[in-house]
>>> print(open('structure04.txt').read())   # compact mmCIF, C-alpha atoms
# COMPACT_ATOMS: atom_id res chain seq x y z
CA ASP A 167 -17.03 21.06 -213.53
CA ALA A 168 -13.51 22.26 -214.30
CA LYS A 169 -11.98 20.66 -217.39
CA THR A 170 -8.39 21.00 -216.20
CA THR A 171 -6.20 18.97 -213.85
CA GLN A 172 -3.46 20.53 -211.71
CA PRO A 173 -1.31 19.27 -208.83
CA ASN A 174 -2.73 20.27 -205.45
CA SER A 175 0.47 21.90 -204.26
CA MET A 176 4.04 22.72 -205.25
CA GLU A 177 7.05 24.20 -203.52
CA SER A 178 9.82 26.36 -204.87
CA ASN A 179 12.84 28.17 -203.55
CA GLU A 180 13.06 31.91 -203.89
CA GLU A 181 14.89 33.17 -206.99
CA GLU A 182 14.45 29.82 -208.77
CA PRO A 183 12.20 29.14 -211.78
CA VAL A 184 8.85 27.46 -211.22
CA HIS A 185 6.99 25.30 -213.73
CA LEU A 186 3.30 24.83 -212.93
CA PRO A 187 1.68 22.11 -215.07
CA CYS A 188 -1.90 21.82 -216.26
CA ASN A 189 -3.57 19.00 -218.14
CA HIS A 190 -6.57 19.71 -220.36
CA SER A 191 -6.95 16.61 -222.50
CA THR A 192 -10.51 17.45 -223.63
CA ILE A 193 -9.64 20.93 -224.89
CA SER A 194 -11.49 22.03 -228.01
CA GLY A 195 -10.21 24.13 -230.85
CA THR A 196 -11.95 27.27 -229.61
CA ASP A 197 -10.74 27.03 -226.00
CA TYR A 198 -8.23 29.58 -224.77
CA ILE A 199 -5.96 28.56 -221.90
CA HIS A 200 -6.05 31.10 -219.08
CA TRP A 201 -4.05 31.30 -215.86
CA TYR A 202 -5.05 33.27 -212.79
CA ARG A 203 -3.65 33.40 -209.31
CA GLN A 204 -5.10 34.32 -205.95
CA LEU A 205 -2.91 35.74 -203.23
CA PRO A 206 -4.09 35.39 -199.64
CA SER A 207 -7.05 37.64 -198.82
CA GLN A 208 -7.22 39.06 -202.34
CA GLY A 209 -9.31 38.61 -205.45
CA PRO A 210 -7.98 36.42 -208.26
CA GLU A 211 -5.50 38.11 -210.56
CA TYR A 212 -5.07 37.52 -214.30
CA VAL A 213 -1.64 36.13 -215.17
CA ILE A 214 -1.55 35.11 -218.83
CA HIS A 215 -3.51 33.39 -221.57
CA GLY A 216 -2.92 31.83 -224.98
CA LEU A 217 -4.47 29.75 -227.72
CA THR A 218 -1.78 27.80 -229.56
CA SER A 219 1.55 29.59 -229.43
CA ASN A 220 3.72 30.17 -226.40
CA VAL A 221 3.14 33.53 -224.75
CA ASN A 222 5.28 35.83 -222.64
CA ASN A 223 4.36 38.83 -220.55
CA ARG A 224 5.90 40.74 -217.69
CA MET A 225 4.56 38.30 -215.13
CA ALA A 226 5.18 34.88 -216.65
CA SER A 227 5.47 32.66 -219.70
CA LEU A 228 2.96 30.16 -220.96
CA ALA A 229 4.19 27.08 -222.80
CA ILE A 230 1.48 25.20 -224.70
CA ALA A 231 2.02 21.64 -225.90
CA GLU A 232 1.80 21.05 -229.62
CA ASP A 233 -1.37 18.94 -229.22
CA ARG A 234 -2.72 21.57 -226.75
CA LYS A 235 -3.63 18.88 -224.23
CA SER A 236 -1.34 20.35 -221.61
CA SER A 237 0.31 23.64 -220.74
CA THR A 238 2.87 24.97 -218.29
CA LEU A 239 2.97 28.30 -216.52
CA ILE A 240 6.55 29.41 -215.99
CA LEU A 241 7.57 31.92 -213.35
CA HIS A 242 11.16 32.72 -214.23
CA ARG A 243 12.34 33.75 -210.77
CA ALA A 244 10.00 33.02 -207.91
CA THR A 245 9.64 35.63 -205.21
CA LEU A 246 7.87 35.40 -201.87
CA ARG A 247 5.09 37.48 -203.39
CA ASP A 248 4.40 34.69 -205.89
CA ALA A 249 3.10 32.41 -203.14
CA ALA A 250 -0.53 31.95 -204.15
CA VAL A 251 -3.08 29.53 -205.55
CA TYR A 252 -2.68 29.24 -209.32
CA TYR A 253 -5.67 28.34 -211.47
CA CYS A 254 -5.59 26.99 -215.03
CA ILE A 255 -8.91 27.55 -216.83
CA LEU A 256 -10.25 26.97 -220.32
CA ARG A 257 -12.37 29.77 -221.79
CA SER A 258 -14.37 29.58 -224.97
CA GLY A 259 -16.61 31.91 -226.86
CA PHE A 260 -19.11 29.12 -227.37
CA ASN A 261 -19.41 27.30 -224.06
CA TYR A 262 -21.04 29.71 -221.67
CA GLY A 263 -21.98 27.15 -219.05
CA GLN A 264 -18.45 25.96 -218.41
CA ASN A 265 -16.77 29.11 -219.37
CA PHE A 266 -15.25 30.40 -216.19
CA VAL A 267 -15.35 27.63 -213.64
CA PHE A 268 -12.42 27.43 -211.24
CA GLY A 269 -11.04 24.13 -210.02
CA PRO A 270 -9.05 23.77 -206.79
CA GLY A 271 -5.84 25.05 -208.43
CA THR A 272 -2.22 24.56 -207.34
CA ARG A 273 -1.09 26.10 -204.06
CA LEU A 274 2.46 27.36 -204.61
CA SER A 275 4.70 27.85 -201.60
CA VAL A 276 7.92 29.84 -202.03
CA LEU A 277 10.68 29.17 -199.53
CA PRO A 278 13.18 31.90 -198.67
CA ASP B 20 -5.93 48.19 -209.28
CA SER B 21 -7.94 45.87 -211.57
CA GLY B 22 -10.44 48.55 -212.54
CA VAL B 23 -13.34 46.51 -211.14
CA THR B 24 -15.02 48.19 -208.18
CA GLN B 25 -17.06 46.34 -205.62
CA THR B 26 -19.07 47.96 -202.85
CA PRO B 27 -19.35 47.69 -199.96
CA LYS B 28 -16.04 46.13 -198.91
CA HIS B 29 -17.52 44.74 -195.71
CA LEU B 30 -21.08 44.00 -194.69
CA ILE B 31 -22.41 42.62 -191.42
CA THR B 32 -26.06 41.70 -191.23
CA ALA B 33 -28.45 39.44 -189.33
CA THR B 34 -30.01 36.18 -190.43
CA GLY B 35 -33.19 36.60 -192.44
CA GLN B 36 -32.14 39.95 -193.84
CA ARG B 37 -31.58 41.00 -197.46
CA VAL B 38 -28.49 42.70 -198.87
CA THR B 39 -27.36 44.04 -202.24
CA LEU B 40 -23.79 43.86 -203.46
CA ARG B 41 -22.70 46.15 -206.24
CA CYS B 42 -20.10 45.74 -208.98
CA SER B 43 -18.83 48.26 -211.50
CA PRO B 44 -16.93 46.54 -214.30
CA ARG B 45 -13.82 47.84 -216.02
CA SER B 46 -14.54 50.46 -218.64
CA GLY B 47 -15.48 48.74 -221.90
CA ASP B 48 -16.09 45.30 -220.41
CA LEU B 49 -19.46 43.77 -221.28
CA SER B 50 -19.39 40.58 -219.21
CA VAL B 51 -19.80 40.41 -215.47
CA TYR B 52 -19.34 37.29 -213.35
CA TRP B 53 -20.19 36.67 -209.70
CA TYR B 54 -18.43 34.20 -207.40
CA GLN B 55 -18.77 33.08 -203.80
CA GLN B 56 -15.76 32.02 -201.75
CA SER B 57 -16.39 30.64 -198.27
CA LEU B 58 -13.59 30.41 -195.72
CA ASP B 59 -10.76 28.26 -197.08
CA GLN B 60 -12.98 27.10 -199.95
CA GLY B 61 -12.64 27.45 -203.68
CA LEU B 62 -14.31 29.96 -205.93
CA GLN B 63 -17.87 28.94 -206.67
CA PHE B 64 -19.28 30.39 -209.88
CA LEU B 65 -22.71 31.90 -209.33
CA ILE B 66 -23.86 33.70 -212.47
CA GLN B 67 -22.70 35.57 -215.59
CA TYR B 68 -24.21 38.48 -217.49
CA TYR B 69 -23.24 39.78 -220.89
CA ASN B 70 -24.41 43.20 -222.02
CA GLY B 71 -27.45 43.07 -219.77
CA GLU B 72 -28.49 39.50 -220.44
CA GLU B 73 -27.99 36.45 -218.26
CA ARG B 74 -25.60 34.06 -220.02
CA ALA B 75 -24.71 31.32 -217.56
CA LYS B 76 -25.80 30.11 -214.16
CA GLY B 77 -23.74 28.14 -211.71
CA ASN B 78 -24.56 26.99 -208.20
CA ILE B 79 -26.69 30.00 -207.35
CA LEU B 80 -29.36 29.56 -204.70
CA GLU B 81 -32.94 30.58 -205.40
CA ARG B 82 -32.62 33.11 -202.56
CA PHE B 83 -29.95 34.87 -204.63
CA SER B 84 -30.56 36.92 -207.76
CA ALA B 85 -28.58 39.27 -209.91
CA GLN B 86 -28.97 41.71 -212.74
CA GLN B 87 -26.87 43.84 -215.04
CA PHE B 88 -28.08 47.34 -215.78
CA PRO B 89 -27.86 49.37 -219.02
CA ASP B 90 -24.74 51.15 -217.73
CA LEU B 91 -23.27 47.62 -217.28
CA HIS B 92 -22.92 47.72 -213.54
CA SER B 93 -24.29 44.67 -211.78
CA GLU B 94 -25.96 43.91 -208.49
CA LEU B 95 -26.16 40.64 -206.58
CA ASN B 96 -29.14 40.40 -204.25
CA LEU B 97 -29.00 37.95 -201.35
CA SER B 98 -32.20 37.41 -199.36
CA SER B 99 -33.34 35.39 -196.34
CA LEU B 100 -29.73 35.28 -195.31
CA GLU B 101 -28.39 32.32 -193.37
CA LEU B 102 -25.20 31.92 -191.36
CA GLY B 103 -23.78 29.77 -194.15
CA ASP B 104 -24.01 32.65 -196.60
CA SER B 105 -21.10 34.32 -194.83
CA ALA B 106 -18.38 34.48 -197.47
CA LEU B 107 -16.34 36.64 -199.79
CA TYR B 108 -18.28 37.58 -202.89
CA PHE B 109 -16.20 38.47 -205.94
CA CYS B 110 -17.20 40.15 -209.14
CA ALA B 111 -15.15 39.90 -212.33
CA SER B 112 -15.48 41.53 -215.72
CA SER B 113 -14.20 40.84 -219.21
CA PHE B 114 -14.77 42.24 -222.68
CA ASN B 115 -16.06 38.95 -224.07
CA GLN B 116 -16.08 35.21 -223.50
CA ASN B 117 -12.43 34.45 -224.10
CA THR B 118 -10.56 37.62 -223.18
CA GLU B 119 -8.81 38.05 -219.85
CA ALA B 120 -11.00 38.76 -216.87
CA PHE B 121 -10.31 41.11 -213.98
CA PHE B 122 -11.57 40.68 -210.46
CA GLY B 123 -12.61 43.15 -207.84
CA GLN B 124 -11.33 42.99 -204.28
CA GLY B 125 -14.54 41.41 -203.08
CA THR B 126 -17.25 42.09 -200.54
CA ARG B 127 -16.88 40.28 -197.26
CA LEU B 128 -20.35 39.37 -195.99
CA THR B 129 -20.80 38.29 -192.40
CA VAL B 130 -24.20 36.99 -191.33
CA VAL B 131 -24.71 36.90 -187.56
>>> encode(input="structure04.txt", output="structure tokens")
Amino acid sequence: DAKTTQPNSMESNEEEPVHLPCNHSTISGTDYIHWYRQLPSQGPEYVIHGLTSNVNNRMASLAIAEDRKSSTLILHRATLRDAAVYYCILRSGFNYGQNFVFGPGTRLSVLP
Amino acid sequence: DSGVTQTPKHLITATGQRVTLRCSPRSGDLSVYWYQQSLDQGLQFLIQYYNGEERAKGNILERFSAQQFPDLHSELNLSSLELGDSALYFCASSFNQNTEAFFGQGTRLTVV
């Protein structure tokens, strides 16, 4: 079973920032926080990942709480192309059985 | 392009038949994962291989089997096919347990 909790759906207006939350209260010290997204009719796409510090890349930013029990994926300016299902996943080098299990994710709608 | 290649892209077959889906991971990646996604359903983890060895099993039916070959490509074998096996089958690869993973575009299997 997935060890993360995300809202089922969120809406955003185009050109505005989007904050997608994820709770992972049972995270262990070796768990990395990964985000992926799946656009309609496509395979999932890697977005970003981090361990303890906040991370930025060309697609998004990842803000990790100090206690690591929650994180937020930040899309700085939503576009129509960002409409997708976003998945927050914990990955560990030691927990093969639960390593890459997807939950239902958050369906993001972007309004023009 | 994720660098993960899945073939064939589409497959139509009859009930009771057997098919083989193929996945070539990104260059340098040692782990391969297989997922099933039925229409409007989530991603169901099937099985993971790491450097030729099975590492984790999810909800994989006994009629399904997989292997990873010395050149690291993987095959998913589906036998005694049923109508309910119609789905998108995705393969993903990663270097190790906690690095980012990349997905192929999937094989769409239709059982008639």
>>> interface_residues(input="structure04.txt", of="chain A", to="chain B", cutoff="12 Å", atoms="only C-alpha atoms", output="PDB file with C-alpha atoms, in the coordinates of the input")
ATOM      1  CA  ASP A 167     -17.030  21.060-213.530  1.00  0.00           C
ATOM      2  CA  ALA A 168     -13.510  22.260-214.300  1.00  0.00           C
ATOM      3  CA  THR A 196     -11.950  27.270-229.610  1.00  0.00           C
ATOM      4  CA  ASP A 197     -10.740  27.030-226.000  1.00  0.00           C
ATOM      5  CA  TYR A 198      -8.230  29.580-224.770  1.00  0.00           C
ATOM      6  CA  ILE A 199      -5.960  28.560-221.900  1.00  0.00           C
ATOM      7  CA  HIS A 200      -6.050  31.100-219.080  1.00  0.00           C
ATOM      8  CA  TRP A 201      -4.050  31.300-215.860  1.00  0.00           C
ATOM      9  CA  TYR A 202      -5.050  33.270-212.790  1.00  0.00           C
ATOM     10  CA  ARG A 203      -3.650  33.400-209.310  1.00  0.00           C
ATOM     11  CA  GLN A 204      -5.100  34.320-205.950  1.00  0.00           C
ATOM     12  CA  LEU A 205      -2.910  35.740-203.230  1.00  0.00           C
ATOM     13  CA  PRO A 206      -4.090  35.390-199.640  1.00  0.00           C
ATOM     14  CA  SER A 207      -7.050  37.640-198.820  1.00  0.00           C
ATOM     15  CA  GLN A 208      -7.220  39.060-202.340  1.00  0.00           C
ATOM     16  CA  GLY A 209      -9.310  38.610-205.450  1.00  0.00           C
ATOM     17  CA  PRO A 210      -7.980  36.420-208.260  1.00  0.00           C
ATOM     18  CA  GLU A 211      -5.500  38.110-210.560  1.00  0.00           C
ATOM     19  CA  TYR A 212      -5.070  37.520-214.300  1.00  0.00           C
ATOM     20  CA  VAL A 213      -1.640  36.130-215.170  1.00  0.00           C
ATOM     21  CA  ILE A 214      -1.550  35.110-218.830  1.00  0.00           C
ATOM     22  CA  HIS A 215      -3.510  33.390-221.570  1.00  0.00           C
ATOM     23  CA  GLY A 216      -2.920  31.830-224.980  1.00  0.00           C
ATOM     24  CA  LEU A 217      -4.470  29.750-227.720  1.00  0.00           C
ATOM     25  CA  VAL A 251      -3.080  29.530-205.550  1.00  0.00           C
ATOM     26  CA  TYR A 252      -2.680  29.240-209.320  1.00  0.00           C
ATOM     27  CA  TYR A 253      -5.670  28.340-211.470  1.00  0.00           C
ATOM     28  CA  ILE A 255      -8.910  27.550-216.830  1.00  0.00           C
ATOM     29  CA  LEU A 256     -10.250  26.970-220.320  1.00  0.00           C
ATOM     30  CA  ARG A 257     -12.370  29.770-221.790  1.00  0.00           C
ATOM     31  CA  SER A 258     -14.370  29.580-224.970  1.00  0.00           C
ATOM     32  CA  GLY A 259     -16.610  31.910-226.860  1.00  0.00           C
ATOM     33  CA  PHE A 260     -19.110  29.120-227.370  1.00  0.00           C
ATOM     34  CA  ASN A 261     -19.410  27.300-224.060  1.00  0.00           C
ATOM     35  CA  TYR A 262     -21.040  29.710-221.670  1.00  0.00           C
ATOM     36  CA  GLY A 263     -21.980  27.150-219.050  1.00  0.00           C
ATOM     37  CA  GLN A 264     -18.450  25.960-218.410  1.00  0.00           C
ATOM     38  CA  ASN A 265     -16.770  29.110-219.370  1.00  0.00           C
ATOM     39  CA  PHE A 266     -15.250  30.400-216.190  1.00  0.00           C
ATOM     40  CA  VAL A 267     -15.350  27.630-213.640  1.00  0.00           C
ATOM     41  CA  PHE A 268     -12.420  27.430-211.240  1.00  0.00           C
ATOM     42  CA  GLY A 269     -11.040  24.130-210.020  1.00  0.00           C
ATOM     43  CA  PRO A 270      -9.050  23.770-206.790  1.00  0.00           C
ATOM     44  CA  GLY A 271      -5.840  25.050-208.430  1.00  0.00           C
ATOM     45  CA  THR A 272      -2.220  24.560-207.340  1.00  0.00           C
ATOM     46  CA  ARG A 273      -1.090  26.100-204.060  1.00  0.00           C
TER      47      ARG A 273
END
>>> residues_near_point(input="structure04.txt", point="(6.9, 26.9, -202.3)", cutoff="7 Å", atoms="all atoms listed in the file", output="ChimeraX atom specification")
/A:176-179,249,274-277
>>> residues_around(input="structure04.txt", residues="Asn222 in chain A", least_positions_apart="2", cutoff="12 Å", atoms="only C-alpha atoms", output="list in words")
Val213, Ile214, His215, Gly216, Ser219, Asn220, Arg224, Met225, Ala226, Ser227, Leu228, Ala229, Ile230, Thr238, Leu239, Ile240, Leu241 and His242 of chain A
>>> atom_distance(input="structure04.txt", atom1="CA of Thr26 in chain B", atom2="CA of Leu40 in chain B")
6.3 Å
>>> atom_distance(input="structure04.txt", atom1="CA of Ser84 in chain B", atom2="CA of Thr39 in chain B")
9.6 Å
